[in-house]
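Asker: Take a look at query.tsv, TSV, C-alpha atoms and all ligand atoms:
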chain	number	residue	atom	x	y	z
S	108	MET	CA	-34.91	11.84	215.34
S	109	ILE	CA	-37.12	12.25	212.32
S	110	ILE	CA	-34.82	13.01	209.40
S	111	SER	CA	-36.88	14.41	206.56
S	112	GLY	CA	-34.07	15.23	204.19
S	113	LEU	CA	-30.36	14.90	203.50
S	114	THR	CA	-28.06	16.98	201.33
S	115	PRO	CA	-25.04	14.68	200.94
S	116	LEU	CA	-22.54	17.41	200.15
S	117	SER	CA	-22.52	21.13	200.84
S	118	LEU	CA	-19.74	23.66	200.61
S	119	ILE	CA	-21.82	26.59	201.87
S	120	ASP	CA	-23.77	25.50	204.95
S	121	TYR	CA	-20.84	25.08	207.37
S	122	PRO	CA	-18.39	27.99	206.98
S	123	GLY	CA	-15.01	26.73	205.82
S	124	LYS	CA	-16.02	23.06	205.97
S	125	VAL	CA	-17.26	20.37	203.65
S	126	ALA	CA	-20.42	18.97	205.19
S	127	CYS	CA	-23.62	17.09	204.68
S	128	VAL	CA	-26.87	18.65	205.85
S	129	ILE	CA	-29.75	16.87	207.53
S	130	PHE	CA	-33.20	18.38	207.90
S	131	THR	CA	-35.18	17.41	210.98
S	132	GLN	CA	-38.95	17.37	211.06
S	133	GLY	CA	-40.99	19.75	213.19
S	134	CYS	CA	-40.78	23.37	214.26
S	135	ASN	CA	-42.37	25.39	217.05
S	136	PHE	CA	-42.40	28.58	214.95
S	137	ARG	CA	-44.44	29.46	211.88
S	138	CYS	CA	-42.29	32.15	210.28
S	139	PRO	CA	-44.31	33.48	207.32
S	140	PHE	CA	-41.16	33.49	205.19
S	141	CYS	CA	-40.10	29.93	206.08
S	142	HIS	CA	-38.77	28.23	202.97
S	143	ASN	CA	-39.16	24.72	204.41
S	144	PRO	CA	-42.90	24.67	205.18
S	145	GLU	CA	-43.09	20.92	204.63
S	146	LEU	CA	-40.87	20.47	207.70
S	147	LEU	CA	-42.99	22.42	210.13
S	148	GLU	CA	-45.60	19.95	211.25
S	149	CYS	CA	-44.26	18.53	214.45
S	150	MET	CA	-42.98	15.02	214.48
S	151	LYS	CA	-45.04	13.88	211.51
S	152	SER	CA	-43.06	11.04	210.07
S	153	THR	CA	-43.56	9.95	206.45
S	154	GLU	CA	-42.44	7.06	204.29
S	155	HIS	CA	-39.81	9.37	202.77
S	156	ASP	CA	-38.02	9.89	206.10
S	157	MET	CA	-34.54	8.51	206.48
S	158	SER	CA	-33.90	6.20	209.42
S	159	THR	CA	-31.00	7.08	211.70
S	160	GLU	CA	-29.49	3.69	210.81
S	161	ARG	CA	-29.46	4.58	207.12
S	162	PHE	CA	-28.06	8.00	207.91
S	163	PHE	CA	-25.18	6.54	209.90
S	164	GLU	CA	-24.45	4.02	207.14
S	165	PHE	CA	-24.20	6.98	204.80
S	166	LEU	CA	-22.03	8.92	207.24
S	167	GLU	CA	-19.63	6.03	207.82
S	168	SER	CA	-19.11	5.88	204.07
S	169	ARG	CA	-18.06	9.56	204.17
S	170	VAL	CA	-15.30	9.28	206.78
S	171	GLY	CA	-12.33	11.21	205.40
S	172	LEU	CA	-14.49	12.89	202.75
S	173	LEU	CA	-16.63	15.21	204.87
S	174	ASP	CA	-15.57	17.45	207.75
S	175	GLY	CA	-18.91	17.73	209.43
S	176	VAL	CA	-22.65	17.43	209.67
S	177	VAL	CA	-25.06	20.37	209.67
S	178	ILE	CA	-28.22	19.66	211.63
S	179	THR	CA	-31.00	21.98	210.61
S	180	GLY	CA	-34.77	21.93	210.39
S	181	GLY	CA	-37.36	22.58	211.38
S	182	GLU	CA	-36.03	23.05	214.89
S	183	PRO	CA	-33.62	20.24	215.78
S	184	THR	CA	-33.79	20.78	219.55
S	185	LEU	CA	-37.39	19.49	219.54
S	186	HIS	CA	-35.94	15.99	219.14
S	187	ARG	CA	-35.26	14.55	222.55
S	188	ASP	CA	-32.61	12.15	221.26
S	189	LEU	CA	-30.61	14.91	219.58
S	190	ASP	CA	-27.83	14.60	222.16
S	191	GLU	CA	-27.37	10.89	221.45
S	192	PHE	CA	-27.51	11.60	217.75
S	193	MET	CA	-24.77	14.24	217.97
S	194	THR	CA	-22.70	12.02	220.26
S	195	HIS	CA	-22.80	9.30	217.59
S	196	ILE	CA	-21.78	11.76	214.87
S	197	LYS	CA	-18.85	12.99	216.92
S	198	SER	CA	-17.74	9.44	217.77
S	199	LEU	CA	-17.19	8.96	214.04
S	200	GLY	CA	-14.87	11.98	214.00
S	201	PHE	CA	-17.18	14.54	212.38
S	202	LEU	CA	-17.79	18.11	213.47
S	203	VAL	CA	-21.34	19.18	214.29
S	204	LYS	CA	-22.95	22.46	213.27
S	205	LEU	CA	-26.32	23.03	214.89
S	206	ASP	CA	-28.90	25.47	213.50
S	207	SER	CA	-31.49	26.63	216.02
S	208	ASN	CA	-34.19	29.22	216.47
S	209	GLY	CA	-33.09	29.70	220.07
S	210	THR	CA	-36.28	28.55	221.81
S	211	ASN	CA	-34.57	25.95	223.97
S	212	PRO	CA	-31.69	27.51	225.92
S	213	GLN	CA	-31.67	24.71	228.51
S	214	LEU	CA	-30.84	22.08	225.91
S	215	LEU	CA	-28.47	24.38	224.06
S	216	LYS	CA	-26.55	24.82	227.31
S	217	GLN	CA	-26.35	21.07	227.83
S	218	TYR	CA	-25.04	20.52	224.32
S	219	ILE	CA	-22.41	23.23	224.74
S	220	GLU	CA	-21.28	21.91	228.12
S	221	ALA	CA	-21.06	18.36	226.74
S	222	GLN	CA	-18.99	19.69	223.79
S	223	LEU	CA	-21.42	18.21	221.30
S	224	VAL	CA	-21.54	21.27	219.05
S	225	ASP	CA	-18.63	22.77	217.14
S	226	TYR	CA	-20.54	25.61	215.51
S	227	ILE	CA	-23.89	27.18	216.34
S	228	ALA	CA	-26.05	29.19	213.95
S	229	MET	CA	-28.96	30.95	215.61
S	230	ASP	CA	-31.70	32.93	213.92
S	231	ILE	CA	-32.47	36.41	215.18
S	232	LYS	CA	-35.93	36.76	213.74
S	233	HIS	CA	-36.50	40.41	214.52
S	234	LYS	CA	-35.87	43.14	217.04
S	235	LEU	CA	-37.23	41.98	220.36
S	236	SER	CA	-40.42	44.07	220.42
S	237	LYS	CA	-41.46	42.78	216.98
S	238	TYR	CA	-40.26	39.21	217.30
S	239	GLU	CA	-43.67	37.56	217.03
S	240	GLN	CA	-44.35	39.27	213.70
S	241	ALA	CA	-41.53	37.16	212.33
S	242	THR	CA	-42.14	33.90	214.18
S	243	GLY	CA	-45.90	33.66	213.73
S	244	ARG	CA	-46.14	32.21	217.23
S	245	LYS	CA	-46.26	33.44	220.79
S	246	THR	CA	-42.60	33.60	221.71
S	247	ARG	CA	-40.96	33.37	225.14
S	248	MET	CA	-38.58	36.28	224.68
S	249	GLU	CA	-36.70	35.45	227.88
S	250	TRP	CA	-35.72	32.13	226.27
S	251	ILE	CA	-34.57	33.85	223.10
S	252	GLN	CA	-32.49	36.31	225.14
S	253	GLU	CA	-31.04	33.47	227.22
S	254	SER	CA	-30.01	31.61	224.06
S	255	ILE	CA	-28.40	34.73	222.62
S	256	ASP	CA	-26.41	35.30	225.83
S	257	LEU	CA	-25.46	31.65	225.94
S	258	VAL	CA	-24.19	31.56	222.38
S	259	LEU	CA	-22.28	34.82	222.81
S	260	SER	CA	-20.50	33.59	225.92
S	261	SER	CA	-20.09	29.95	224.85
S	262	GLY	CA	-16.65	30.15	223.27
S	263	VAL	CA	-18.10	27.97	220.50
S	264	PRO	CA	-17.70	29.39	216.96
S	265	HIS	CA	-21.06	30.82	216.00
S	266	GLU	CA	-23.14	33.03	213.80
S	267	PHE	CA	-26.43	34.86	214.12
S	268	ARG	CA	-28.51	35.55	211.05
S	269	THR	CA	-31.66	37.39	210.07
S	270	THR	CA	-33.67	36.80	206.93
S	271	VAL	CA	-34.64	40.30	205.87
S	272	VAL	CA	-38.24	40.34	204.67
S	273	PRO	CA	-39.81	43.48	203.20
S	274	GLY	CA	-43.10	44.17	204.99
S	275	ILE	CA	-41.95	42.33	208.11
S	276	HIS	CA	-38.69	44.19	208.65
S	277	ALA	CA	-37.97	47.86	208.16
S	278	PRO	CA	-34.39	49.01	207.57
S	279	GLU	CA	-34.29	50.92	210.86
S	280	ASP	CA	-35.15	47.75	212.84
S	281	PHE	CA	-31.58	46.71	212.28
S	282	TYR	CA	-30.15	49.39	214.56
S	283	GLU	CA	-31.55	47.37	217.46
S	284	ILE	CA	-30.62	44.02	215.92
S	285	SER	CA	-27.06	45.33	215.58
S	286	ASP	CA	-27.00	45.93	219.35
S	287	ILE	CA	-28.51	42.51	220.08
S	288	VAL	CA	-25.76	40.66	218.20
S	289	ASP	CA	-22.92	42.91	219.32
S	290	GLY	CA	-19.82	40.83	220.07
S	291	CYS	CA	-20.82	37.81	217.98
S	292	ASP	CA	-18.39	35.97	215.70
S	293	ARG	CA	-20.43	36.58	212.54
S	294	PHE	CA	-23.75	38.07	211.60
S	295	TYR	CA	-25.46	37.43	208.28
S	296	LEU	CA	-28.15	39.54	206.65
S	297	GLN	CA	-29.94	36.96	204.52
S	298	GLU	CA	-31.82	38.05	201.45
S	299	PHE	CA	-35.45	36.92	201.34
S	300	ARG	CA	-36.39	34.93	198.25
S	301	PRO	CA	-40.10	34.76	197.46
S	302	ILE	CA	-40.03	31.25	196.03
S	303	ILE	CA	-41.32	28.79	198.61
S	304	THR	CA	-42.86	30.37	201.72
S	305	PHE	CA	-45.09	29.19	204.55
S	306	ASP	CA	-47.36	32.19	204.02
S	307	SER	CA	-48.24	31.86	200.35
S	308	GLU	CA	-49.04	35.59	200.15
S	309	LEU	CA	-45.34	36.30	200.57
S	310	LYS	CA	-44.59	34.58	197.27
S	311	HIS	CA	-45.95	37.70	195.62
S	312	ASN	CA	-43.72	39.95	197.66
S	313	HIS	CA	-41.03	41.08	195.25
S	314	ASP	CA	-40.12	44.24	197.17
S	315	LYS	CA	-36.49	44.62	198.11
S	316	LEU	CA	-34.82	46.17	201.10
S	317	ASP	CA	-31.37	47.59	200.54
S	318	LEU	CA	-29.14	45.16	202.43
S	319	ASP	CA	-26.03	47.16	201.60
S	320	TRP	CA	-27.60	50.23	203.22
S	321	ILE	CA	-28.61	48.24	206.29
S	322	LYS	CA	-25.10	46.83	206.64
S	323	ARG	CA	-23.44	50.18	206.14
S	324	GLU	CA	-25.76	52.28	208.32
S	325	CYS	CA	-26.93	49.94	211.06
S	326	PHE	CA	-23.75	47.93	211.54
S	327	GLN	CA	-21.23	50.74	211.13
S	328	GLY	CA	-17.66	49.64	211.76
S	329	LYS	CA	-18.60	45.98	212.30
S	330	GLU	CA	-16.47	43.84	210.04
S	331	ASN	CA	-18.10	40.58	211.07
S	332	VAL	CA	-21.34	41.45	209.25
S	333	MET	CA	-21.97	39.85	205.89
S	334	ILE	CA	-24.73	39.66	203.32
S	335	ARG	CA	-25.91	36.24	202.18
S	336	ARG	CA	-27.67	36.43	198.82
H	1	LIG	S1	-37.80	29.59	209.32
H	1	LIG	FE1	-39.05	29.65	211.19
H	1	LIG	S2	-40.73	28.21	210.84
H	1	LIG	FE2	-39.13	27.76	209.32
H	1	LIG	S3	-37.89	26.17	210.25
H	1	LIG	FE3	-36.89	28.11	210.75
H	1	LIG	S4	-37.75	28.71	212.73
H	1	LIG	FE4	-39.08	27.11	211.89
Translate the structure described by the file into structure tokens.

Answerer:
Amino acid sequence: MIISGLTPLSLIDYPGKVACVIFTQGCNFRCPFCHNPELLECMKSTEHDMSTERFFEFLESRVGLLDGVVITGGEPTLHRDLDEFMTHIKSLGFLVKLDSNGTNPQLLKQYIEAQLVDYIAMDIKHKLSKYEQATGRKTRMEWIQESIDLVLSSGVPHEFRTTVVPGIHAPEDFYEISDIVDGCDRFYLQEFRPIITFDSELKHNHDKLDLDWIKRECFQGKENVMIRR
């Protein structure tokens, strides 16, 4: 694991739980709106990285104080020792929430079957025909679909979420996204903030899409849909 950052305490990243958040290095997407561009370069370790030993020292000192650990990125499933890492976390009695972009359904399946994840958050970057506009990379859509199906049928508490970016998404795209996530535990429409972005042009994008309209019109009658601002 290359751990590029740690938030020692968060009340918002793991629904209903008090958690720390670790940021893993490396991602196989290049979403123009990514707000962690420093994490994208794959497996580039720096002197600021935290060793797993130091992380587990920290975590042992939080037994009884934290409920869980959020593993985010970057894309955590790129790290081949992620299963061992999660096994260690769980052996200390913590819950694990895994954030993923859904590009590795085979590993996701293994983690679910081994009961290493207690909550999964998966990004739905766009409707399927426009996915690559949001990922900035050639995307194996069959893997994304497999991950969606896996998460939906896993029995593991989960959420899907889409960062809504003016110029990349149009309000009517969300009719299809509503169908894609039908039956999920929770779906979040996340407001885009033009502060730090991988594509620096997007920092000047101060347009707004009406998230309330999207929720009301595209997700009619779905009470599990929320707006994250
Ligand atoms: S927003 Fe996109 S590029 Fe950034 S970490 Fe997530 S999947 Fe990777």

Asker: Taking all atoms of ligand LIG 1 (chain H) that appear in the file, build a box with edges along x, y and z, extend it by 5 Å on every side, and state its centre and edge lengths in Å to one decimal, as JSON.

Answerer:
{"center_x": -38.8, "center_y": 27.9, "center_z": 211.0, "size_x": 13.8, "size_y": 13.5, "size_z": 13.4}

Asker: Check every protein, DNA and RNA residue against ligand LIG 1 (chain H), keep those with an atom at most 9 Å away (counting all atoms listed in the file), and present them as a ChimeraX atom specification.

Answerer: /S:132-144,146-147,179-182,206-209,230,232,241-243,270,304-305

Asker: Residues at most 12 Å from Trp320 of chain S, counting all atoms listed in the file, excluding those fewer than 4 positions away in the same chain, as a list in words?

Answerer: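 Non-adjacent residues within range: Ala277, Pro278, Glu279, Phe281, Tyr282, Leu296, Lys315, Leu316, Glu324, Cys325, Phe326, Gln327 and Ile334 of chain S.
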
Asker: Taking all atoms listed in the file into account, name the residue in S:Thr210, S:Thr159, S:Thr114, S:Ser168 that is nearest to His195 of chain S.

Answerer: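 For His195 of chain S, the nearest of the candidates is S:Thr159.
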
Asker: Between S:Tyr218, S:Phe130, S:Tyr295, S:Tyr238, single out the one closest to Arg187 of chain S, counting only C-alpha atoms.

Answerer: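 Checking each of S:Tyr218, S:Phe130, S:Tyr295, S:Tyr238 against Arg187 of chain S, counting only C-alpha atoms, the winner is S:Tyr218.
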
Asker: Which residue is closest to Gln252 of chain S? Choose from S:Ile227, S:Leu214, S:Ile178, S:Val288 and count all atoms listed in the file.

Answerer: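 Among S:Ile227, S:Leu214, S:Ile178, S:Val288, it is S:Val288 that comes nearest to Gln252 of chain S.
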
Asker: Skip Lys204 of chain S itself and residues of its chain fewer than 2 positions away, then list as a list in words all residues within 10 Å of it, counting only C-alpha atoms.

Answerer: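 Surrounding residues, per the criterion: Asp120, Tyr121, Pro122, Ala126, Val128, Gly175, Val176, Val177, Ile178, Thr179, Met193, Phe201, Leu202, Asp206, Ser207, Leu223, Val224, Asp225, Tyr226, Ile227, Ala228, Pro264 and His265 of chain S.
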
Asker: Which residue, S:Ser261, S:Thr184, S:Ser307, S:Asn312, has the smallest gap to Cys291 of chain S when you use only C-alpha atoms?

Answerer: S:Ser261

Asker: So how many Å separate atom CA of Leu173 of chain S and atom CA of Arg161 of chain S, to one decimal?

Answerer: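 Value for the atom CA of Leu173 of chain S-atom CA of Arg161 of chain S distance: 16.8 Å.
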